[in-house]
$ cat target04.txt   # compact mmCIF, C-alpha atoms
# COMPACT_ATOMS: atom_id res chain seq x y z
CA MET A 10 39.54 21.78 30.67
CA VAL A 11 42.77 20.31 31.99
CA ARG A 12 45.85 22.40 32.60
CA HIS A 13 49.41 21.66 33.55
CA ASP A 14 51.74 24.31 34.96
CA GLY A 15 53.65 24.92 31.71
CA THR A 16 56.95 23.33 32.69
CA GLY A 17 58.40 19.91 32.02
CA LYS A 18 59.70 17.59 34.71
CA ASP A 19 63.22 19.02 34.40
CA GLY A 20 61.91 22.55 35.04
CA ALA A 21 62.21 23.65 31.40
CA VAL A 22 59.27 25.16 29.59
CA GLY A 23 57.55 22.40 27.63
CA LEU A 24 55.17 22.20 24.72
CA ARG A 25 51.69 23.63 25.09
CA VAL A 26 49.29 21.18 23.45
CA LEU A 27 45.56 20.69 22.91
CA ALA A 28 43.90 17.26 23.15
CA VAL A 29 40.56 16.90 21.33
CA ASP A 30 38.21 13.91 21.64
CA ASP A 31 34.44 13.70 22.09
CA GLU A 32 34.68 10.51 24.21
CA ALA A 33 35.55 11.32 27.83
CA PRO A 34 37.41 8.05 28.65
CA ALA A 35 39.56 8.33 25.53
CA LEU A 36 40.29 11.99 26.24
CA ASP A 37 41.23 11.26 29.87
CA ASP A 38 43.56 8.48 28.74
CA LEU A 39 45.24 10.70 26.16
CA VAL A 40 45.69 13.53 28.65
CA HIS A 41 47.18 11.13 31.20
CA HIS A 42 49.82 9.93 28.71
CA LEU A 43 50.59 13.44 27.48
CA ARG A 44 51.14 14.79 30.98
CA ALA A 45 53.48 11.92 31.76
CA ASP A 46 55.90 13.05 29.04
CA PRO A 47 58.59 15.52 30.24
CA ARG A 48 58.51 17.39 26.92
CA ILE A 49 54.91 18.47 27.51
CA GLY A 50 54.45 21.65 29.53
CA GLU A 51 50.69 22.30 29.40
CA VAL A 52 47.75 20.19 28.27
CA CYS A 53 44.46 21.84 27.29
CA THR A 54 41.36 19.89 26.27
CA ALA A 55 38.28 20.18 24.06
CA ARG A 56 35.39 17.78 23.46
CA ASP A 57 34.59 18.81 19.86
CA GLY A 58 36.00 20.69 16.88
CA ALA A 59 34.14 23.94 17.53
CA SER A 60 35.43 24.07 21.12
CA ALA A 61 38.93 23.35 19.85
CA LEU A 62 38.74 26.31 17.50
CA ARG A 63 37.60 28.56 20.33
CA TRP A 64 40.48 27.31 22.46
CA LEU A 65 43.00 28.04 19.68
CA ASP A 66 41.46 31.46 19.11
CA ARG A 67 41.76 32.30 22.81
CA ALA A 68 45.34 30.99 22.94
CA LEU A 69 46.33 33.25 20.04
CA GLY A 70 44.65 36.21 21.71
CA GLU A 71 46.70 35.53 24.85
CA GLY A 72 49.90 35.43 22.81
CA ARG A 73 50.51 31.82 23.90
CA PRO A 74 49.70 29.72 20.82
CA ILE A 75 49.22 25.95 20.92
CA ALA A 76 52.24 24.02 19.56
CA ALA A 77 50.34 20.85 18.66
CA VAL A 78 46.81 19.46 18.51
CA PHE A 79 46.27 15.77 19.31
CA LEU A 80 43.06 15.23 17.45
CA ASP A 81 40.40 12.55 17.10
CA ILE A 82 38.80 12.26 13.65
CA ARG A 83 35.22 11.04 14.05
CA MET A 84 33.47 13.66 16.17
CA PRO A 85 30.00 15.23 15.91
CA GLY A 86 29.80 18.55 14.09
CA LEU A 87 33.22 19.73 12.97
CA ASP A 88 35.18 16.50 12.55
CA GLY A 89 38.94 16.08 12.75
CA THR A 90 39.67 16.20 9.02
CA VAL A 91 37.70 19.42 8.52
CA LEU A 92 39.32 20.98 11.59
CA GLY A 93 42.73 19.90 10.32
CA ARG A 94 42.15 21.68 7.02
CA VAL A 95 41.14 24.85 8.88
CA LEU A 96 44.27 24.70 11.05
CA ALA A 97 46.43 24.18 7.96
CA GLN A 98 45.41 27.69 6.82
CA PHE A 99 47.16 29.29 9.80
CA THR A 100 50.40 31.06 8.93
CA ARG A 101 51.98 29.31 11.90
CA ALA A 102 49.75 26.26 12.06
CA PRO A 103 49.94 24.03 15.12
CA HIS A 104 51.32 20.57 14.42
CA ILE A 105 48.53 18.03 14.04
CA VAL A 106 48.74 14.52 15.45
CA TYR A 107 45.69 12.40 14.68
CA VAL A 108 44.69 9.94 17.40
CA THR A 109 41.96 7.71 16.01
CA ALA A 110 40.54 4.20 15.99
CA TYR A 111 40.24 4.24 12.20
CA GLU A 112 42.97 3.54 9.65
CA GLY A 113 40.98 4.81 6.66
CA HIS A 114 41.78 8.50 7.12
CA ALA A 115 45.54 8.25 6.73
CA VAL A 116 45.36 9.73 3.21
CA ASP A 117 43.46 12.75 4.52
CA ALA A 118 46.10 13.16 7.23
CA PHE A 119 48.85 13.01 4.61
CA GLU A 120 47.15 15.71 2.51
CA ILE A 121 46.81 17.96 5.58
CA LYS A 122 50.51 17.32 6.31
CA ALA A 123 49.81 15.97 9.78
CA THR A 124 52.91 15.39 11.86
CA ASP A 125 51.78 11.90 12.91
CA TYR A 126 48.88 9.43 12.86
CA ILE A 127 48.31 7.22 15.93
CA LEU A 128 45.82 4.39 16.21
CA LYS A 129 43.82 3.76 19.37
CA PRO A 130 44.26 2.32 21.91
CA VAL A 131 47.15 4.71 22.50
CA ARG A 132 50.43 3.02 23.42
CA PRO A 133 52.76 5.24 25.51
CA GLU A 134 55.80 4.45 23.37
CA ARG A 135 53.91 5.34 20.17
CA LEU A 136 52.69 8.61 21.66
CA ALA A 137 56.25 9.38 22.82
CA GLU A 138 57.42 9.01 19.22
CA ALA A 139 54.75 11.48 18.05
CA ILE A 140 55.79 13.97 20.73
CA ARG A 141 59.40 13.60 19.62
CA ARG A 142 58.39 14.45 16.06
CA VAL A 143 56.44 17.49 17.22
CA SER A 144 59.32 18.67 19.40
CA GLU A 145 61.84 18.34 16.57
CA ALA A 146 59.49 20.07 14.12
CA GLU A 147 59.03 22.96 16.57
CA GLY A 148 62.79 23.38 16.74
CA GLU A 149 63.07 23.38 12.95
CA ASP A 150 60.28 25.99 12.69
CA ALA A 151 62.05 28.27 15.17
CA GLU A 152 65.34 27.92 13.29
CA ALA A 153 63.69 28.70 9.95
CA ALA A 154 61.98 31.78 11.42
CA SER A 155 65.29 33.08 12.77
CA ARG A 156 66.95 32.62 9.36
CA THR A 157 64.20 34.45 7.45
CA GLY A 158 63.75 37.15 10.08
CA GLY A 159 60.05 36.37 10.62
CA ALA A 160 56.97 35.56 8.60
CA ALA A 161 56.65 36.04 4.86
CA GLU A 162 54.60 38.88 3.39
CA PRO A 163 50.91 38.05 4.03
CA GLU A 164 49.02 36.84 0.99
CA PRO A 165 45.82 38.44 -0.38
CA MET A 166 42.49 36.78 0.37
CA PRO A 167 40.45 35.38 -2.57
CA VAL A 168 36.78 36.44 -2.57
CA GLU A 169 33.94 35.52 -4.92
CA LEU A 170 32.03 38.36 -6.62
CA SER A 171 29.26 37.27 -9.01
CA GLY A 172 31.23 34.25 -10.18
CA VAL A 173 34.50 36.17 -10.44
CA THR A 174 37.37 35.57 -8.04
CA ARG A 175 39.03 38.74 -6.81
CA PHE A 176 42.00 39.00 -4.46
CA VAL A 177 41.70 41.44 -1.57
CA ALA A 178 45.08 42.56 -0.24
CA PRO A 179 45.50 43.11 3.50
CA ALA A 180 46.25 46.78 2.79
CA GLU A 181 42.68 47.23 1.46
CA VAL A 182 41.03 45.91 4.63
CA LEU A 183 40.10 48.31 7.42
CA TYR A 184 38.72 45.80 9.89
CA VAL A 185 37.42 42.24 10.04
CA GLU A 186 34.36 40.89 11.86
CA ALA A 187 33.98 37.30 13.02
CA GLN A 188 30.77 35.62 11.86
CA GLY A 189 30.90 32.03 13.07
CA ASP A 190 33.38 30.08 10.94
CA TYR A 191 33.42 33.00 8.49
CA ALA A 192 35.03 36.44 8.54
CA ARG A 193 33.70 39.65 6.98
CA LEU A 194 36.40 41.81 5.41
CA ASN A 195 35.42 45.48 5.55
CA THR A 196 37.11 47.73 2.99
CA ALA A 197 36.51 51.30 1.82
CA ALA A 198 34.65 49.90 -1.20
CA GLY A 199 32.43 47.41 0.64
CA SER A 200 32.58 44.12 2.53
CA HIS A 201 33.30 40.50 1.63
CA LEU A 202 32.38 37.32 3.50
CA VAL A 203 35.10 34.66 3.38
CA ARG A 204 35.15 31.17 4.86
CA ILE A 205 37.98 31.42 7.35
CA PRO A 206 37.86 31.74 11.16
CA LEU A 207 39.05 35.04 12.58
CA ALA A 208 41.88 33.29 14.45
CA ALA A 209 43.23 31.83 11.21
CA LEU A 210 43.10 35.20 9.47
CA GLU A 211 44.79 36.85 12.45
CA GLU A 212 47.68 34.41 12.07
CA ARG A 213 47.82 34.79 8.29
CA TRP A 214 47.89 38.62 8.41
CA ARG A 215 49.91 38.97 11.61
CA GLY A 216 52.72 40.75 9.75
CA ALA A 217 50.42 43.18 7.91
CA GLY A 218 49.73 45.60 10.77
CA PHE A 219 46.54 44.03 12.10
CA VAL A 220 45.74 43.90 15.81
CA ARG A 221 43.12 41.88 17.67
CA VAL A 222 40.95 44.23 19.73
CA HIS A 223 38.06 41.91 20.59
CA ARG A 224 37.09 38.27 20.18
CA SER A 225 34.97 39.40 17.20
CA HIS A 226 37.19 42.06 15.64
CA LEU A 227 40.56 42.31 13.94
CA VAL A 228 41.58 45.85 12.98
CA ALA A 229 44.23 47.47 10.76
CA LEU A 230 46.19 49.65 13.16
CA SER A 231 46.60 52.32 10.47
CA ALA A 232 42.80 52.58 10.05
CA ILE A 233 42.05 53.50 13.68
CA GLU A 234 40.81 57.11 13.78
CA GLU A 235 40.29 57.47 17.52
CA LEU A 236 40.28 55.55 20.79
CA ARG A 237 37.72 56.45 23.45
CA LEU A 238 37.53 55.46 27.12
CA ASP A 239 34.21 56.17 28.80
CA SER A 240 33.23 54.81 32.24
CA GLY A 241 35.57 51.86 31.87
CA ARG A 242 34.29 51.02 28.37
CA CYS A 243 36.75 51.28 25.51
CA THR A 244 35.85 51.73 21.85
CA ILE A 245 37.67 52.68 18.67
CA ARG A 246 36.42 54.38 15.52
CA VAL A 247 37.36 52.87 12.18
CA ALA A 248 35.94 54.23 8.92
CA GLY A 249 32.97 55.68 10.80
CA ALA A 250 32.22 52.43 12.64
CA GLU A 251 32.48 52.21 16.43
CA LEU A 252 34.04 48.94 17.56
CA PRO A 253 34.39 47.59 21.12
CA VAL A 254 37.80 46.84 22.63
CA SER A 255 38.06 44.02 25.17
CA ARG A 256 39.62 44.95 28.49
CA ARG A 257 42.51 42.56 28.04
CA HIS A 258 43.40 44.22 24.72
CA ILE A 259 43.24 47.86 25.87
CA ARG A 260 46.77 48.19 27.19
CA GLU A 261 48.40 46.54 24.18
CA LEU A 262 46.34 48.65 21.77
CA ARG A 263 47.21 51.91 23.53
CA ASP A 264 50.91 51.01 23.49
CA LEU A 265 50.76 50.26 19.77
CA LEU A 266 48.96 53.53 19.02
CA VAL A 267 51.49 55.52 21.09
CA ARG A 268 54.39 53.91 19.24
CA LYS A 269 52.66 54.59 15.93
CA ALA A 270 52.18 58.27 16.86
CA ARG A 271 55.82 58.64 17.85
CA ARG A 272 56.97 57.25 14.49
CA ALA A 273 54.72 59.66 12.57
CA PRO A 274 56.50 62.65 10.96
$ encode --input "target04.txt" --output "C-alpha cells"
Amino acid sequence: MVRHDGTGKDGAVGLRVLAVDDEAPALDDLVHHLRADPRIGEVCTARDGASALRWLDRALGEGRPIAAVFLDIRMPGLDGTVLGRVLAQFTRAPHIVYVTAYEGHAVDAFEIKATDYILKPVRPERLAEAIRRVSEAEGEDAEAASRTGGAAEPEPMPVELSGVTRFVAPAEVLYVEAQGDYARLNTAAGSHLVRIPLAALEERWRGAGFVRVHRSHLVALSAIEELRLDSGRCTIRVAGAELPVSRRHIRELRDLLVRKARRAP
C-alpha cells in the first residue's frame, strides 16, 4: 500500500485516490504519475478488486472516502467492470477512471458512467486530463450537495421472496450483517440476503439513521436497546441480538446515543 501525506504540492488538501492493478510494474508506473500531479493528495493501492473493495470499505469507516478509483479492467477474480458496477451503487460513488490496455470495454465504461477511459501505456498528459475531469466533477458534486442540503431520501432495497420482488425500506431494518459480497438485512419479521457489499449499503442508507459499529455490522441507531462495556469489550443489544462494537467506533457511537437521549422527550 502506497500513501502520500494528503496535501498537494501547493500545500492544499488534494484528492484521495485508489489505484488498482494486478500487475506490479503497471501499478508502480500509475502511482508514480498520480503522485506527480499537484491535485492528488493521497494515493492508495490495491492489487485486485476484492482488496479494492476492502480499501473503500475501510476508507468509509474512517470517514475519509476515496474521491476516485483508477482501475484496471482485466484482473483475476473481481474484474474492473464488475467492480465498477458495484461502486456505481454507492450513494456517493467514487469517480471511476479506467486504465487498461484494451479498447473493447469502452461501452461497459460508458454504461457505468466512468469519468474517463485511458489506454496503456499511460501518458502523463492523458492522465493529467483525467485528473482534471475528476477534480471538476468533485467540485460539481460538492456544489450540488450544498444546493440540495445533503443526500436524497434513501431508497428501499429490493429482495426476492419465492419469485416475488419485495421492497424493504430502511425503516424496517434493525441491523445489517456483512456476508462476503452480500449483506443480510435483519428486520422484525425475518432476514433477507441481498447482493450488495456492506460499504455500498452504508453509503446508500447514510441518511436513514444507520451507524457502522463494526466491519461486519451496520445498525439502525433507533434499534439499539443497550450498550455494554465489559473489560474493554464493547457490545450492543439490538432486537435480542448481541453485536460487537469495534474500538474505533465506540466513541462515535456513544456520542450519537447521548445526543439521541437528549433529544428524547
$ closest_residue --input "target04.txt" --among "A:Asp57, A:Glu145, A:Asp81, A:Asp30" --to "Ile105 of chain A" --atoms "all atoms listed in the file"
A:Asp81
$ closest_residue --input "target04.txt" --among "A:Glu71, A:Glu147, A:Glu186, A:Glu120" --to "Val91 of chain A" --atoms "only C-alpha atoms"
A:Glu120
$ closest_residue --input "target04.txt" --among "A:Val177, A:Leu92, A:Val222, A:Leu136" --to "Leu236 of chain A" --atoms "all atoms listed in the file"
A:Val222
$ residues_around --input "target04.txt" --residues "Ala208 of chain A" --least-positions-apart "5" --cutoff "8 Å" --atoms "all atoms listed in the file" --output "ChimeraX atom specification"
/A:65-66,69
$ atom_distance --input "target04.txt" --atom1 "atom CA of Gly218 of chain A" --atom2 "atom CA of Lys122 of chain A"
28.6 Å
$ atom_distance --input "target04.txt" --atom1 "atom CA of Arg73 of chain A" --atom2 "atom CA of Arg263 of chain A"
20.4 Å
$ axis_aligned_box --input "target04.txt" --around "segment 164-177 of chain A" --padding-each-side "6 Å" --output "lines of an AutoDock Vina configuration file"
center_x = 39.1
center_y = 37.8
center_z = -4.7
size_x = 31.8
size_y = 19.2
size_z = 23.4
$ atom_distance --input "target04.txt" --atom1 "atom CA of Lys129 of chain A" --atom2 "atom CA of Ala110 of chain A"
4.7 Å
$ closest_residue --input "target04.txt" --among "A:Leu227, A:Leu24, A:Leu170, A:Leu87" --to "Asn195 of chain A" --atoms "only C-alpha atoms"
A:Leu227
$ closest_residue --input "target04.txt" --among "A:Val247, A:Ala59, A:Val108, A:Ala217" --to "Gly86 of chain A" --atoms "all atoms listed in the file"
A:Ala59
$ closest_residue --input "target04.txt" --among "A:Asp264, A:Asp239, A:Glu212, A:Asp31" --to "Asp88 of chain A" --atoms "all atoms listed in the file"
A:Asp31
$ residues_around --input "target04.txt" --residues "Ile233 of chain A" --least-positions-apart "4" --cutoff "8 Å" --atoms "only C-alpha atoms" --output "JSON, numbers by chain"
{"A": [228, 229, 245, 246, 247, 248]}
$ write_last_selection --input "target04.txt" --atoms "C-alpha atoms" --output "PDB file, keeping the file's coordinate frame"
ATOM      1  CA  VAL A 228      41.580  45.850  12.980  1.00  0.00           C
ATOM      2  CA  ALA A 229      44.230  47.470  10.760  1.00  0.00           C
ATOM      3  CA  ILE A 245      37.670  52.680  18.670  1.00  0.00           C
ATOM      4  CA  ARG A 246      36.420  54.380  15.520  1.00  0.00           C
ATOM      5  CA  VAL A 247      37.360  52.870  12.180  1.00  0.00           C
ATOM      6  CA  ALA A 248      35.940  54.230   8.920  1.00  0.00           C
TER       7      ALA A 248
END
$ residues_around --input "target04.txt" --residues "Ala115 of chain A" --least-positions-apart "5" --cutoff "10 Å" --atoms "only C-alpha atoms" --output "list in words"
Tyr107, Thr109, Glu120, Ile121, Ala123, Asp125, Tyr126 and Ile127 of chain A
$ residues_near_point --input "target04.txt" --point "(53.2, 23.4, 26.1)" --cutoff "6 Å" --atoms "all atoms listed in the file" --output "PyMOL selection string"
chain A and resi 15+23-26+49-51
